Amino acid sequence: MDGQQYVVRKAVAEDMAAICALLARSGLSSAHRQSLEFYRTAPGSRVFAARSGDQLAGTATSVSFGRSGWLGSVAVDQSWRGQGLGTAVSKAAVDYLLEAGVETVLLTATDLGRPVYDRLGFIDEGIAYGIWERDRPQPPDGQSAGAVRRGRIEDAAAYDAKATGEDRREFLQVFADWVRVPSGPEQSGYRIALPWGGGPVIATTPASAQALVTDMVTTTLATRLAFPESNTHGAELAAALGFSLARRVSRMRLGPPVAGYRPEMIYNVWGLAVG
């Protein structure tokens, strides 16, 4: 590949099949066509494609939530690694966020991606996210029957901001019909059943967390959870539901810390690419 040129640009619909395939080859959980199409078209979100002629060489995604934003789904084709393309496509995504007015850019880093983010000035926040997996989905066992009900997106956005310290109202609004909250007179959290699986789970009490997480894993047959490692109750709940800790990723940032971040309330992230 020495001497060959590439162009980093905004991804278009015709790029998405190749981007999805590249993310899958790279072992990233964001390799889902429906979710990638959402990130490509959602307000404040952009998917980048690095092209060399007809070949997709790399990709990255950025999502703006106002003062904060996320860089994720960074992948480079094996034949292009070691030539600075990971840095180039990541920088394009970061520049997009900074131009949009984002003050703090966040990401979760694998060991492979860490050198790229170091070069761009990101610092390790000392926060790890654990990725928990189980071998096979389990059919519903009735534990969550009646434990959750449909909720209001306004309430979900309030709990989300309380946990993340970020303003993701506009991002969440698209999924207003998929909000679930604990049943009973006092709701104390929410989850969104994303159409492509998984979804954020935020809870302020152990009982609410158990209702929401159990409902998610039994109704969607989820085989994966990801949440901050400091959430020890989340780890206990995941283990009780048959999950085991598979690996960890590090949270990094460019810019000042996000005020109000409360990892103990986060029982499943939206996605490791967007927090």
# chains A, B, ... in the order shown; residues from 1 in each chain; ligands from 1
>>> residues_around(residues="A:Val76", least_positions_apart="3", cutoff="12 Å", atoms="only C-alpha atoms", output="PyMOL selection string")
chain A and resi 18-19+21-28+48-51+55-60+73+79-90+112-113+116
>>> write_last_selection(atoms="N, CA and C atoms", output="short mmCIF file (atom, residue, chain, number, x, y, z; two decimals), in the first residue's frame")
data_model
loop_
_atom_site.label_atom_id
_atom_site.label_comp_id
_atom_site.auth_asym_id
_atom_site.auth_seq_id
_atom_site.Cartn_x
_atom_site.Cartn_y
_atom_site.Cartn_z
N ALA A 18 -19.95 -2.17 3.03
CA ALA A 18 -18.51 -2.38 3.22
C ALA A 18 -18.09 -1.98 4.63
N ILE A 19 -18.67 -0.91 5.17
CA ILE A 19 -18.35 -0.49 6.54
C ILE A 19 -18.80 -1.53 7.54
N ALA A 21 -19.16 -4.70 7.03
CA ALA A 21 -18.29 -5.87 6.89
C ALA A 21 -16.94 -5.62 7.55
N LEU A 22 -16.38 -4.41 7.40
CA LEU A 22 -15.10 -4.08 8.02
C LEU A 22 -15.20 -4.13 9.54
N LEU A 23 -16.26 -3.56 10.10
CA LEU A 23 -16.44 -3.59 11.55
C LEU A 23 -16.59 -5.02 12.06
N ALA A 24 -17.29 -5.86 11.29
CA ALA A 24 -17.44 -7.26 11.68
C ALA A 24 -16.10 -7.98 11.66
N ARG A 25 -15.29 -7.75 10.62
CA ARG A 25 -13.96 -8.36 10.55
C ARG A 25 -13.07 -7.90 11.69
N SER A 26 -13.32 -6.67 12.16
CA SER A 26 -12.51 -6.11 13.24
C SER A 26 -13.00 -6.54 14.62
N GLY A 27 -14.10 -7.30 14.66
CA GLY A 27 -14.61 -7.80 15.93
C GLY A 27 -15.35 -6.77 16.76
N LEU A 28 -15.85 -5.70 16.14
CA LEU A 28 -16.55 -4.64 16.87
C LEU A 28 -18.04 -4.92 16.92
N PHE A 48 -17.83 8.18 8.94
CA PHE A 48 -16.78 8.54 7.98
C PHE A 48 -16.26 7.30 7.27
N ALA A 49 -15.94 7.46 6.01
CA ALA A 49 -15.35 6.39 5.20
C ALA A 49 -14.02 6.87 4.64
N ALA A 50 -12.99 6.07 4.80
CA ALA A 50 -11.70 6.33 4.16
C ALA A 50 -11.62 5.40 2.95
N ARG A 51 -11.54 5.98 1.78
CA ARG A 51 -11.57 5.22 0.53
C ARG A 51 -10.27 5.39 -0.25
N GLN A 55 -11.78 0.66 -2.82
CA GLN A 55 -11.59 -0.07 -1.57
C GLN A 55 -11.91 0.80 -0.36
N LEU A 56 -12.66 0.23 0.58
CA LEU A 56 -12.85 0.88 1.87
C LEU A 56 -11.64 0.55 2.73
N ALA A 57 -10.90 1.57 3.13
CA ALA A 57 -9.68 1.37 3.90
C ALA A 57 -9.92 1.52 5.40
N GLY A 58 -10.89 2.35 5.80
CA GLY A 58 -11.13 2.57 7.22
C GLY A 58 -12.43 3.30 7.45
N THR A 59 -12.83 3.38 8.73
CA THR A 59 -14.08 4.05 9.08
C THR A 59 -14.03 4.54 10.52
N ALA A 60 -14.88 5.50 10.84
CA ALA A 60 -15.05 5.99 12.21
C ALA A 60 -16.43 6.64 12.29
N SER A 73 -16.44 3.18 16.81
CA SER A 73 -16.49 2.34 15.60
C SER A 73 -15.34 2.64 14.66
N SER A 79 -4.94 -4.53 5.52
CA SER A 79 -3.91 -4.17 4.55
C SER A 79 -3.46 -2.72 4.66
N TRP A 80 -4.18 -1.91 5.44
CA TRP A 80 -3.83 -0.50 5.58
C TRP A 80 -3.27 -0.16 6.96
N ARG A 81 -3.16 -1.12 7.84
CA ARG A 81 -2.71 -0.82 9.20
C ARG A 81 -1.23 -0.45 9.22
N GLY A 82 -0.89 0.38 10.18
CA GLY A 82 0.50 0.81 10.33
C GLY A 82 0.89 1.95 9.43
N GLN A 83 -0.07 2.59 8.75
CA GLN A 83 0.25 3.68 7.83
C GLN A 83 -0.40 5.00 8.23
N GLY A 84 -0.91 5.07 9.46
CA GLY A 84 -1.48 6.31 9.95
C GLY A 84 -2.93 6.54 9.58
N LEU A 85 -3.57 5.56 8.96
CA LEU A 85 -4.94 5.78 8.53
C LEU A 85 -5.90 5.81 9.71
N GLY A 86 -5.63 5.01 10.76
CA GLY A 86 -6.47 5.04 11.94
C GLY A 86 -6.48 6.42 12.58
N THR A 87 -5.31 7.06 12.62
CA THR A 87 -5.22 8.41 13.15
C THR A 87 -5.97 9.39 12.27
N ALA A 88 -5.84 9.24 10.96
CA ALA A 88 -6.47 10.17 10.03
C ALA A 88 -8.00 10.11 10.11
N VAL A 89 -8.56 8.91 10.13
CA VAL A 89 -10.01 8.80 10.15
C VAL A 89 -10.56 9.20 11.51
N SER A 90 -9.81 8.92 12.58
CA SER A 90 -10.24 9.35 13.92
C SER A 90 -10.20 10.87 14.04
N LEU A 112 -5.75 -2.21 20.87
CA LEU A 112 -5.29 -1.92 19.51
C LEU A 112 -5.44 -0.44 19.17
N GLY A 113 -6.53 0.16 19.62
CA GLY A 113 -6.79 1.55 19.27
C GLY A 113 -6.12 2.56 20.16
N VAL A 116 -3.51 5.17 18.87
CA VAL A 116 -4.09 6.20 18.01
C VAL A 116 -4.63 7.34 18.85
#
>>> closest_atom_pairs(of="stretch 85-150 of chain A", to="stretch 182-206 of chain A", cutoff="6 Å", atoms="only C-alpha atoms", output="Markdown table")
| residue | atom | partner | partner_atom | distance |
| --- | --- | --- | --- | --- |
| A:Ala147 | CA | A:Ser183 | CA | 5.3 |
| A:Val148 | CA | A:Pro182 | CA | 4.3 |
| A:Arg149 | CA | A:Ser183 | CA | 5.6 |
>>> closest_residue(among="A:Gln210, A:Ser68, A:Thr219, A:Thr104", to="A:Gly255", atoms="only C-alpha atoms")
A:Thr104
>>> closest_residue(among="A:Pro263, A:Ser64, A:Val174, A:Trp132", to="A:Glu236", atoms="only C-alpha atoms")
A:Trp132
>>> select_by_dssp(residues="stretch 167-233 of chain A", states="strand (DSSP E)", output="PyMOL selection string")
chain A and resi 179-182+189-192+201-203+224-228
>>> write_last_selection(atoms="N, CA and C atoms", output="PDB file, in the first residue's frame")
ATOM      1  N   VAL A 179     -39.421   3.023  25.128  1.00  0.00           N
ATOM      2  CA  VAL A 179     -39.020   3.257  26.515  1.00  0.00           C
ATOM      3  C   VAL A 179     -39.757   2.306  27.452  1.00  0.00           C
ATOM      4  N   ARG A 180     -39.012   1.675  28.358  1.00  0.00           N
ATOM      5  CA  ARG A 180     -39.584   0.804  29.389  1.00  0.00           C
ATOM      6  C   ARG A 180     -39.090   1.291  30.750  1.00  0.00           C
ATOM      7  N   VAL A 181     -40.001   1.288  31.740  1.00  0.00           N
ATOM      8  CA  VAL A 181     -39.659   1.716  33.098  1.00  0.00           C
ATOM      9  C   VAL A 181     -40.158   0.663  34.076  1.00  0.00           C
ATOM     10  N   PRO A 182     -39.614   0.646  35.306  1.00  0.00           N
ATOM     11  CA  PRO A 182     -40.104  -0.314  36.294  1.00  0.00           C
ATOM     12  C   PRO A 182     -41.571  -0.072  36.612  1.00  0.00           C
ATOM     13  N   GLY A 189     -35.756   4.610  36.947  1.00  0.00           N
ATOM     14  CA  GLY A 189     -34.829   4.267  35.883  1.00  0.00           C
ATOM     15  C   GLY A 189     -35.576   4.026  34.585  1.00  0.00           C
ATOM     16  N   TYR A 190     -34.839   3.608  33.578  1.00  0.00           N
ATOM     17  CA  TYR A 190     -35.451   3.325  32.284  1.00  0.00           C
ATOM     18  C   TYR A 190     -34.550   2.398  31.488  1.00  0.00           C
ATOM     19  N   ARG A 191     -35.116   1.827  30.447  1.00  0.00           N
ATOM     20  CA  ARG A 191     -34.326   1.194  29.408  1.00  0.00           C
ATOM     21  C   ARG A 191     -35.001   1.463  28.081  1.00  0.00           C
ATOM     22  N   ILE A 192     -34.230   1.417  27.018  1.00  0.00           N
ATOM     23  CA  ILE A 192     -34.783   1.533  25.671  1.00  0.00           C
ATOM     24  C   ILE A 192     -34.477   0.249  24.930  1.00  0.00           C
ATOM     25  N   VAL A 201     -29.563   0.957  29.802  1.00  0.00           N
ATOM     26  CA  VAL A 201     -30.300   0.654  31.026  1.00  0.00           C
ATOM     27  C   VAL A 201     -29.722   1.531  32.129  1.00  0.00           C
ATOM     28  N   ILE A 202     -30.566   2.393  32.696  1.00  0.00           N
ATOM     29  CA  ILE A 202     -30.183   3.287  33.780  1.00  0.00           C
ATOM     30  C   ILE A 202     -31.112   3.020  34.959  1.00  0.00           C
ATOM     31  N   ALA A 203     -30.564   2.889  36.162  1.00  0.00           N
ATOM     32  CA  ALA A 203     -31.397   2.640  37.340  1.00  0.00           C
ATOM     33  C   ALA A 203     -30.760   3.270  38.568  1.00  0.00           C
ATOM     34  N   ARG A 224     -25.079 -10.215  25.637  1.00  0.00           N
ATOM     35  CA  ARG A 224     -23.982  -9.289  25.929  1.00  0.00           C
ATOM     36  C   ARG A 224     -24.481  -8.113  26.738  1.00  0.00           C
ATOM     37  N   LEU A 225     -23.696  -7.712  27.747  1.00  0.00           N
ATOM     38  CA  LEU A 225     -23.936  -6.505  28.528  1.00  0.00           C
ATOM     39  C   LEU A 225     -22.623  -5.738  28.623  1.00  0.00           C
ATOM     40  N   ALA A 226     -22.707  -4.419  28.721  1.00  0.00           N
ATOM     41  CA  ALA A 226     -21.505  -3.596  28.900  1.00  0.00           C
ATOM     42  C   ALA A 226     -21.849  -2.437  29.817  1.00  0.00           C
ATOM     43  N   PHE A 227     -21.055  -2.259  30.871  1.00  0.00           N
ATOM     44  CA  PHE A 227     -21.325  -1.192  31.830  1.00  0.00           C
ATOM     45  C   PHE A 227     -20.052  -0.893  32.618  1.00  0.00           C
ATOM     46  N   PRO A 228     -19.999   0.273  33.294  1.00  0.00           N
ATOM     47  CA  PRO A 228     -18.793   0.638  34.031  1.00  0.00           C
ATOM     48  C   PRO A 228     -18.435  -0.395  35.092  1.00  0.00           C
TER      49      PRO A 228
END
>>> closest_atom_pairs(of="stretch 115-167 of chain A", to="stretch 270-273 of chain A", cutoff="12 Å", atoms="only C-alpha atoms", output="tab-separated table")
residue	atom	partner	partner_atom	distance
A:Ala128	CA	A:Leu272	CA	11.3
A:Tyr129	CA	A:Leu272	CA	8.7
A:Gly130	CA	A:Leu272	CA	10.4
A:Ile131	CA	A:Leu272	CA	9.5
A:Asp160	CA	A:Trp270	CA	10.6
A:Thr164	CA	A:Trp270	CA	11.0
>>> residues_around(residues="stretch 37-40 of chain A", least_positions_apart="3", cutoff="8 Å", atoms="only C-alpha atoms", output="MDAnalysis selection string")
chainID A and resid 11:13 16 33:34 45:47 61 63
